[in-house]
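Raw work_17.txt, compact mmCIF, C-alpha atoms and all ligand atoms:
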```
# COMPACT_ATOMS: atom_id res chain seq x y z
CA MET A 1 12.54 -22.07 22.85
CA TRP A 2 8.96 -21.10 23.64
CA ALA A 3 7.42 -24.32 22.30
CA ALA A 4 9.37 -26.37 24.84
CA ARG A 5 8.03 -24.07 27.58
CA VAL A 6 4.47 -24.67 26.38
CA GLU A 7 5.01 -28.43 26.46
CA GLU A 8 6.53 -28.26 29.95
CA LEU A 9 3.39 -26.57 31.23
CA ILE A 10 1.01 -29.28 29.99
CA THR A 11 -0.40 -31.31 32.90
CA PRO A 12 -2.98 -34.12 33.04
CA ARG A 13 -5.58 -31.42 33.69
CA THR A 14 -4.76 -29.48 30.52
CA THR A 15 -7.51 -29.68 27.90
CA GLY A 16 -6.44 -27.06 25.42
CA ILE A 17 -4.06 -24.30 24.41
CA MET A 18 -5.01 -20.77 23.50
CA GLY A 19 -2.67 -18.85 21.23
CA VAL A 20 -2.92 -15.07 21.01
CA HIS A 21 -2.38 -13.26 17.71
CA LEU A 22 -0.92 -10.33 19.58
CA TRP A 23 -1.08 -6.91 17.86
CA GLY A 24 -2.63 -8.63 14.83
CA ARG A 25 0.50 -10.61 14.09
CA GLY A 26 -0.28 -14.29 13.68
CA CYS A 27 1.33 -16.53 16.26
CA ASP A 28 3.21 -19.71 15.33
CA VAL A 29 0.09 -21.65 14.41
CA GLU A 30 1.97 -24.61 12.94
CA GLU A 31 4.08 -25.24 16.02
CA LEU A 32 1.05 -24.97 18.33
CA ALA A 33 -0.87 -27.34 16.04
CA ARG A 34 1.97 -29.87 16.32
CA ILE A 35 1.92 -29.64 20.14
CA VAL A 36 -1.86 -30.13 20.42
CA ARG A 37 -1.67 -33.08 18.00
CA GLU A 38 1.00 -34.78 20.04
CA HIS A 39 -0.76 -34.19 23.35
CA ASP A 40 -4.32 -34.68 22.10
CA LEU A 41 -5.50 -31.20 23.13
CA LYS A 42 -7.79 -28.54 21.66
CA LEU A 43 -6.35 -25.45 20.02
CA LEU A 44 -8.09 -22.08 20.19
CA PHE A 45 -6.95 -18.60 19.26
CA ASP A 46 -7.57 -15.23 20.82
CA ALA A 47 -7.84 -13.21 17.61
CA ALA A 48 -9.09 -10.04 19.36
CA HIS A 49 -6.46 -7.91 17.58
CA ALA A 50 -6.39 -9.72 14.29
CA PHE A 51 -9.50 -8.85 12.28
CA GLY A 52 -8.45 -8.40 8.65
CA CYS A 53 -5.02 -9.96 9.26
CA SER A 54 -3.45 -13.02 7.66
CA HIS A 55 -0.93 -15.63 8.70
CA GLU A 56 1.22 -17.22 6.00
CA GLY A 57 -1.20 -15.76 3.46
CA ARG A 58 -4.29 -17.36 5.01
CA MET A 59 -6.81 -15.15 6.84
CA ILE A 60 -6.82 -15.39 10.62
CA GLY A 61 -10.12 -16.94 11.65
CA ASN A 62 -9.32 -20.20 9.86
CA PHE A 63 -6.97 -21.72 12.41
CA GLY A 64 -7.32 -24.16 15.30
CA GLY A 65 -10.67 -25.45 16.51
CA ALA A 66 -12.03 -21.91 16.69
CA GLU A 67 -10.86 -18.31 16.82
CA VAL A 68 -12.43 -15.48 18.78
CA PHE A 69 -12.48 -11.86 17.58
CA SER A 70 -13.29 -8.81 19.66
CA PHE A 71 -15.35 -5.97 18.21
CA HIS A 72 -15.09 -3.80 21.32
CA ALA A 73 -14.93 -0.07 20.65
CA THR A 74 -11.15 -0.01 21.16
CA LYS A 75 -10.57 -2.71 18.55
CA PHE A 76 -10.05 -2.46 14.80
CA LEU A 77 -13.62 -3.46 13.92
CA ASN A 78 -16.04 -1.73 16.26
CA THR A 79 -19.56 -2.91 17.13
CA LEU A 80 -19.43 -0.93 20.42
CA GLU A 81 -19.36 -4.26 22.28
CA GLY A 82 -19.33 -7.77 20.93
CA GLY A 83 -17.28 -10.11 18.87
CA ALA A 84 -17.37 -13.23 16.77
CA ILE A 85 -16.31 -16.83 16.92
CA THR A 86 -15.10 -18.38 13.69
CA THR A 87 -14.66 -22.08 13.05
CA ASN A 88 -14.46 -24.44 10.11
CA ASP A 89 -15.99 -27.19 12.28
CA ASP A 90 -19.71 -27.50 11.39
CA GLU A 91 -20.52 -29.50 14.50
CA LEU A 92 -18.92 -26.93 16.79
CA MET A 93 -20.63 -24.13 14.89
CA SER A 94 -24.08 -25.66 15.51
CA ARG A 95 -23.31 -25.96 19.21
CA ILE A 96 -22.05 -22.37 19.44
CA ARG A 97 -25.21 -21.15 17.67
CA LEU A 98 -27.34 -22.98 20.22
CA MET A 99 -25.27 -21.71 23.14
CA LYS A 100 -25.53 -18.05 22.15
CA ASN A 101 -29.33 -18.26 21.92
CA PHE A 102 -30.34 -19.96 25.20
CA GLY A 103 -30.03 -23.39 23.56
CA PHE A 104 -33.14 -22.78 21.45
CA ALA A 105 -33.40 -25.14 18.46
CA GLY A 106 -36.77 -23.62 17.50
CA GLN A 107 -39.72 -22.08 19.24
CA ASP A 108 -40.38 -23.66 22.67
CA ASN A 109 -37.59 -26.16 22.14
CA VAL A 110 -34.43 -25.84 24.21
CA ILE A 111 -31.99 -28.67 23.51
CA TYR A 112 -28.73 -27.38 24.93
CA ALA A 113 -27.33 -25.30 27.79
CA GLY A 114 -27.03 -21.75 26.56
CA THR A 115 -26.72 -18.11 27.40
CA ASN A 116 -27.68 -14.83 25.77
CA GLY A 117 -24.72 -14.14 23.48
CA LYS A 118 -26.59 -12.54 20.60
CA MET A 119 -25.46 -9.32 19.01
CA ASN A 120 -28.06 -6.56 19.19
CA GLU A 121 -29.20 -4.64 16.10
CA LEU A 122 -27.50 -1.36 17.04
CA SER A 123 -24.17 -3.08 17.49
CA ALA A 124 -24.60 -4.90 14.21
CA ALA A 125 -25.38 -1.62 12.41
CA MET A 126 -22.29 -0.04 13.95
CA GLY A 127 -20.26 -3.03 12.83
CA LEU A 128 -21.54 -2.75 9.26
CA THR A 129 -20.47 0.89 8.99
CA SER A 130 -17.14 -0.09 10.50
CA LEU A 131 -16.81 -2.86 7.87
CA GLU A 132 -17.60 -0.44 5.05
CA ASN A 133 -14.75 1.78 6.20
CA MET A 134 -12.29 -0.99 6.80
CA ASP A 135 -9.99 -0.10 3.89
CA GLU A 136 -9.82 3.51 5.01
CA PHE A 137 -9.02 2.48 8.61
CA ILE A 138 -6.19 0.28 7.38
CA ALA A 139 -4.83 3.05 5.13
CA VAL A 140 -4.89 5.60 7.99
CA ASN A 141 -3.34 3.18 10.48
CA ARG A 142 -0.67 2.22 8.00
CA ASP A 143 0.13 5.84 7.21
CA ASN A 144 0.38 6.65 10.94
CA TYR A 145 2.57 3.59 11.48
CA GLU A 146 4.97 4.60 8.67
CA ARG A 147 5.12 8.16 10.01
CA TYR A 148 5.92 6.91 13.50
CA ARG A 149 8.62 4.74 12.00
CA LYS A 150 10.26 7.68 10.20
CA GLY A 151 9.77 10.00 13.17
CA LEU A 152 11.35 7.61 15.66
CA GLU A 153 14.29 6.47 13.53
CA ASP A 154 16.70 8.79 15.31
CA VAL A 155 15.32 8.29 18.82
CA PRO A 156 17.81 6.20 20.81
CA GLY A 157 16.64 3.12 22.72
CA VAL A 158 13.21 3.07 21.12
CA ARG A 159 12.32 0.26 18.76
CA LEU A 160 9.07 0.22 16.83
CA MET A 161 7.44 -3.21 16.61
CA GLU A 162 7.70 -4.55 13.06
CA TYR A 163 4.97 -6.00 10.89
CA ASP A 164 5.54 -8.53 8.12
CA SER A 165 4.38 -6.53 5.11
CA ALA A 166 3.92 -9.76 3.10
CA GLU A 167 0.82 -10.41 5.26
CA ARG A 168 -2.51 -8.64 5.30
CA LEU A 169 -2.51 -6.34 8.31
CA ASN A 170 -4.73 -3.82 10.08
CA TYR A 171 -1.85 -1.80 11.59
CA GLN A 172 -4.00 -1.15 14.63
CA TYR A 173 -1.13 -1.18 17.13
CA VAL A 174 1.90 1.06 17.27
CA VAL A 175 4.07 -0.59 19.90
CA LEU A 176 7.41 0.67 21.17
CA GLU A 177 9.93 -1.53 22.90
CA LEU A 178 12.39 0.37 25.06
CA ASP A 179 15.99 -0.52 25.63
CA ARG A 180 16.60 0.87 29.10
CA THR A 181 20.36 0.94 28.62
CA ALA A 182 19.86 3.49 25.84
CA THR A 183 16.97 5.62 27.15
CA GLN A 184 17.62 7.95 30.05
CA LEU A 185 14.06 7.57 31.31
CA THR A 186 12.17 4.50 32.47
CA ARG A 187 9.15 3.34 30.51
CA ASP A 188 6.82 4.70 33.20
CA GLU A 189 8.59 8.08 33.18
CA LEU A 190 8.26 8.25 29.40
CA VAL A 191 4.56 7.41 29.59
CA LYS A 192 4.14 10.10 32.27
CA VAL A 193 5.80 12.65 30.00
CA LEU A 194 3.38 11.68 27.22
CA TRP A 195 0.36 11.89 29.54
CA ALA A 196 1.48 15.28 30.85
CA GLU A 197 1.50 16.37 27.19
CA ASN A 198 -2.02 15.00 26.80
CA VAL A 199 -0.95 11.97 24.77
CA VAL A 200 -2.77 8.91 26.09
CA ALA A 201 -0.12 6.25 25.51
CA ARG A 202 -0.78 2.93 27.21
CA ARG A 203 1.42 0.38 28.95
CA TYR A 204 -0.09 -2.59 27.12
CA PHE A 205 -0.07 -5.15 28.66
CA TYR A 206 0.74 -4.09 32.16
CA PRO A 207 1.09 -5.37 34.81
CA GLY A 208 0.23 -8.82 33.37
CA CYS A 209 -2.60 -11.19 34.35
CA HIS A 210 -0.47 -12.86 37.01
CA ARG A 211 -0.29 -9.59 38.92
CA MET A 212 -4.05 -9.10 38.86
CA GLU A 213 -6.86 -10.84 40.73
CA PRO A 214 -7.73 -13.61 41.11
CA TYR A 215 -4.33 -14.92 40.06
CA ARG A 216 -2.36 -12.52 42.24
CA SER A 217 -3.96 -14.07 45.35
CA ASN A 218 -4.75 -17.63 44.39
CA GLN A 219 -1.39 -18.18 42.69
CA ALA A 220 0.59 -16.20 45.25
CA HIS A 221 2.93 -19.14 45.88
CA VAL A 222 4.19 -19.17 42.27
CA ASP A 223 7.64 -17.78 41.55
CA TRP A 224 6.58 -15.61 38.60
CA GLY A 225 10.08 -14.30 38.04
CA SER A 226 11.27 -17.70 36.82
CA ARG A 227 7.90 -18.75 35.39
CA LEU A 228 7.16 -15.69 33.21
CA PRO A 229 10.47 -13.88 32.67
CA GLU A 230 9.57 -12.65 29.16
CA THR A 231 6.10 -11.46 30.18
CA ILE A 232 7.55 -9.52 33.10
CA SER A 233 10.36 -8.02 31.06
CA LEU A 234 8.04 -6.96 28.22
CA SER A 235 5.39 -5.60 30.58
CA GLU A 236 8.04 -3.18 31.84
CA ARG A 237 9.36 -2.13 28.43
CA LEU A 238 6.38 -1.63 26.09
CA ILE A 239 4.43 1.49 25.20
CA THR A 240 1.44 1.54 22.85
CA LEU A 241 1.01 4.84 21.02
CA PRO A 242 -2.23 6.41 19.77
CA THR A 243 -3.34 5.73 16.20
CA GLY A 244 -6.58 5.43 14.22
CA THR A 245 -8.59 7.99 12.29
CA ALA A 246 -8.58 10.53 15.15
CA VAL A 247 -4.79 10.71 14.85
CA GLY A 248 -3.15 12.39 11.87
CA PRO A 249 0.32 13.34 10.61
CA GLU A 250 0.57 16.40 12.89
CA GLN A 251 -0.18 14.43 16.04
CA VAL A 252 2.25 11.67 15.08
CA GLU A 253 4.97 14.23 14.46
CA LYS A 254 4.29 15.89 17.80
CA ILE A 255 4.38 12.59 19.68
CA CYS A 256 7.70 11.68 18.01
CA ASP A 257 9.08 15.11 18.97
CA ILE A 258 8.05 14.59 22.60
CA LEU A 259 9.69 11.16 22.69
CA ARG A 260 12.86 12.50 21.07
CA ALA A 261 13.13 15.44 23.47
CA ALA A 262 12.36 13.31 26.53
CA THR A 263 14.89 10.60 25.66
CA GLN A 264 17.61 13.10 24.77
CA HIS A 265 17.16 15.28 27.83
CA GLY A 266 16.33 12.67 30.45
CA ALA A 267 17.48 14.60 33.49
CA LYS A 268 15.54 17.70 32.46
CA ALA A 269 12.45 15.68 31.64
CA ARG A 270 12.63 14.02 35.06
CA GLU A 271 12.91 17.38 36.76
CA TRP A 272 9.98 18.72 34.73
CA LEU A 273 7.94 15.63 35.59
CA SER A 274 8.43 16.17 39.30
CA GLU A 275 6.65 19.52 38.90
CA GLN A 276 3.70 17.91 37.12
CA GLU A 277 1.05 15.89 38.87
CA THR A 278 0.79 13.06 36.41
CA GLU A 279 -0.21 9.78 38.02
CA LEU A 280 -0.32 6.72 35.80
CA THR A 281 -2.94 5.12 38.02
CA GLY A 282 -5.34 8.04 37.49
CA SER A 283 -7.73 6.70 34.90
CA GLY A 284 -7.03 3.14 36.01
CA THR A 285 -9.77 3.56 38.59
CA ASP A 286 -12.33 3.93 35.82
CA PRO A 287 -13.70 0.43 35.26
CA GLU A 288 -14.54 1.30 31.65
CA VAL A 289 -10.89 1.91 30.80
CA ARG A 290 -9.22 -1.07 29.16
C1 LIG B 1 -9.79 -6.76 23.91
C2 LIG B 1 -9.16 -8.08 24.08
C3 LIG B 1 -9.92 -9.17 24.54
C4 LIG B 1 -11.34 -9.04 25.01
O1 LIG B 1 -12.24 -8.71 24.05
P1 LIG B 1 -13.71 -8.27 24.51
O2 LIG B 1 -14.48 -8.07 23.26
O3 LIG B 1 -13.55 -7.02 25.29
O4 LIG B 1 -14.24 -9.40 25.34
C5 LIG B 1 -9.30 -10.40 24.60
N1 LIG B 1 -8.01 -10.56 24.24
C6 LIG B 1 -7.25 -9.54 23.81
C7 LIG B 1 -5.83 -9.80 23.40
C8 LIG B 1 -7.80 -8.26 23.73
O5 LIG B 1 -7.04 -7.23 23.35
```

What would the structure in this file look like if it were written as structure tokens?
Ligand SMILES: *Cc1c(COP(=O)(O)O)cnc(C)c1O
Amino acid sequence: MWAARVEELITPRTTGIMGVHLWGRGCDVEELARIVREHDLKLLFDAAHAFGCSHEGRMIGNFGGAEVFSFHATKFLNTLEGGAITTNDDELMSRIRLMKNFGFAGQDNVIYAGTNGKMNELSAAMGLTSLENMDEFIAVNRDNYERYRKGLEDVPGVRLMEYDSAERLNYQYVVLELDRTATQLTRDELVKVLWAENVVARRYFYPGCHRMEPYRSNQAHVDWGSRLPETISLSERLITLPTGTAVGPEQVEKICDILRAATQHGAKAREWLSEQETELTGSGTDPEVR
């Protein structure tokens, strides 16, 4: 059980736990709240994916000590760059407001350590237009998601991540989980086929933080295989497919057709791939790619 794993990892140096509402699906807030209560820790949430989403009928943004949203251009609500911290704790809110504005409590009066975390006007304007179109974005994402679901029903070894339709959702992520015993191609081969067809599918989240710096070097002694078995397994089996307003029914249908053909004719697809020059690391060298 994952909660027992979380508790095992608490040390005397632990001060808090950060839950992640991955793909906009609320994590088990209640269980995490119980753990932090029992161990006297802080609870924060990475809500980067979860703008407009609810958990048990309550909007995400209301949980833990604070929740942090991302409004980066790749996220559901787009301010180009930026984000927001939400909290129901007035004291914490005052401190965060000071911290994002150099600690200024008024002109010529700095009372707290701070940084420049203010949102600029252009980003705010972008965010407002994004907010105005929120319902349309959800409708398009949801339509794409349903079309992917129908289109992939008969594709063996490919499972579309489910959403709980009783919640409010932004449907921003179309995530496939592969069952390698049923697909003839590996996840990376499938992604290569998609790229060769000009479909920019992503291996979210690959290869995992533990395989990137600084953790790769400064935690090199850790046996990650036994420490993060689920992370490793998922990082080798997931594909995130394109969605959003630039993607419509035709594109979804085409992507489903490619996946169907590639999984049904694995040997042929592999042969075809060897003639292409698709390298999954290609755009990875661009620091702007996330
Ligand atoms: C995008 C993302 C972030 C970072 O958000 P920024 O606005 O780029 O800082 C954090 N966590 C998750 C899960 C994300 O997807």

message: Using all atoms listed in the file, which residues of the polymer chains come no farther than 12 Å from ligand LIG 1 (chain B)? I'd like the answer as a PyMOL selection string.
response: chain A and resi 18-25+45-51+67-85+117+119+172-173+204-205+208-209+288-290

statement: re atom CA of A:Cys27 and atom CA of A:Met99: distance 28.0 Å

task: Enter the distance from atom CA of A:Val193 to atom CA of A:Gln276, in Å, rounded to one decimal.
output: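 Atom-to-atom, atom CA of A:Val193 to atom CA of A:Gln276, that is 9.1 Å.
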
field: Distance criterion (only C-alpha atoms): nearest to A:Ile60 out of A:Glu230, A:Asp28, A:Glu121, A:Asp257
entry: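 Checking each candidate against A:Ile60, we get A:Asp28 as the closest.
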
task: One decimal, Å: what's the distance from atom CA of A:Leu98 over to atom CA of A:Val36, could you say?
output: 26.5 Å

query: At a cut-off of 10 Å from (-3.2, 3.7, 19.3) in the coordinates of the file, what residues are picked up using only C-alpha atoms, written as a ChimeraX atom specification?
result: /A:74-75,141,144-145,171-175,200-202,239-247

Kindly save the residues from that selection, with C-alpha atoms included, as a compact mmCIF listing (two decimals), keeping the file's coordinate frame.
```txt
# COMPACT_ATOMS: atom_id res chain seq x y z
CA THR A 74 -11.15 -0.01 21.16
CA LYS A 75 -10.57 -2.71 18.55
CA ASN A 141 -3.34 3.18 10.48
CA ASN A 144 0.38 6.65 10.94
CA TYR A 145 2.57 3.59 11.48
CA TYR A 171 -1.85 -1.80 11.59
CA GLN A 172 -4.00 -1.15 14.63
CA TYR A 173 -1.13 -1.18 17.13
CA VAL A 174 1.90 1.06 17.27
CA VAL A 175 4.07 -0.59 19.90
CA VAL A 200 -2.77 8.91 26.09
CA ALA A 201 -0.12 6.25 25.51
CA ARG A 202 -0.78 2.93 27.21
CA ILE A 239 4.43 1.49 25.20
CA THR A 240 1.44 1.54 22.85
CA LEU A 241 1.01 4.84 21.02
CA PRO A 242 -2.23 6.41 19.77
CA THR A 243 -3.34 5.73 16.20
CA GLY A 244 -6.58 5.43 14.22
CA THR A 245 -8.59 7.99 12.29
CA ALA A 246 -8.58 10.53 15.15
CA VAL A 247 -4.79 10.71 14.85
```

message: Show me, as a PyMOL selection string, the residues that have an atom within 7 Å of stretch 165-169 of chain A when counting all atoms listed in the file, minus same-chain residues fewer than 2 positions from it.
response: chain A and resi 24+52-57+163+171

task: Would you list the residues near (-12.4, -23.8, 11.7) (no more than 10 Å away, in the coordinates of the file, using only C-alpha atoms) as a PyMOL selection string?
output: chain A and resi 44+61-67+85-90+92-93

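Shortest separation to A:Arg58 among A:Val6, A:Val29, A:Leu122, A:Ala105 occurs at residue A:Val29, atoms counted being only C-alpha atoms.
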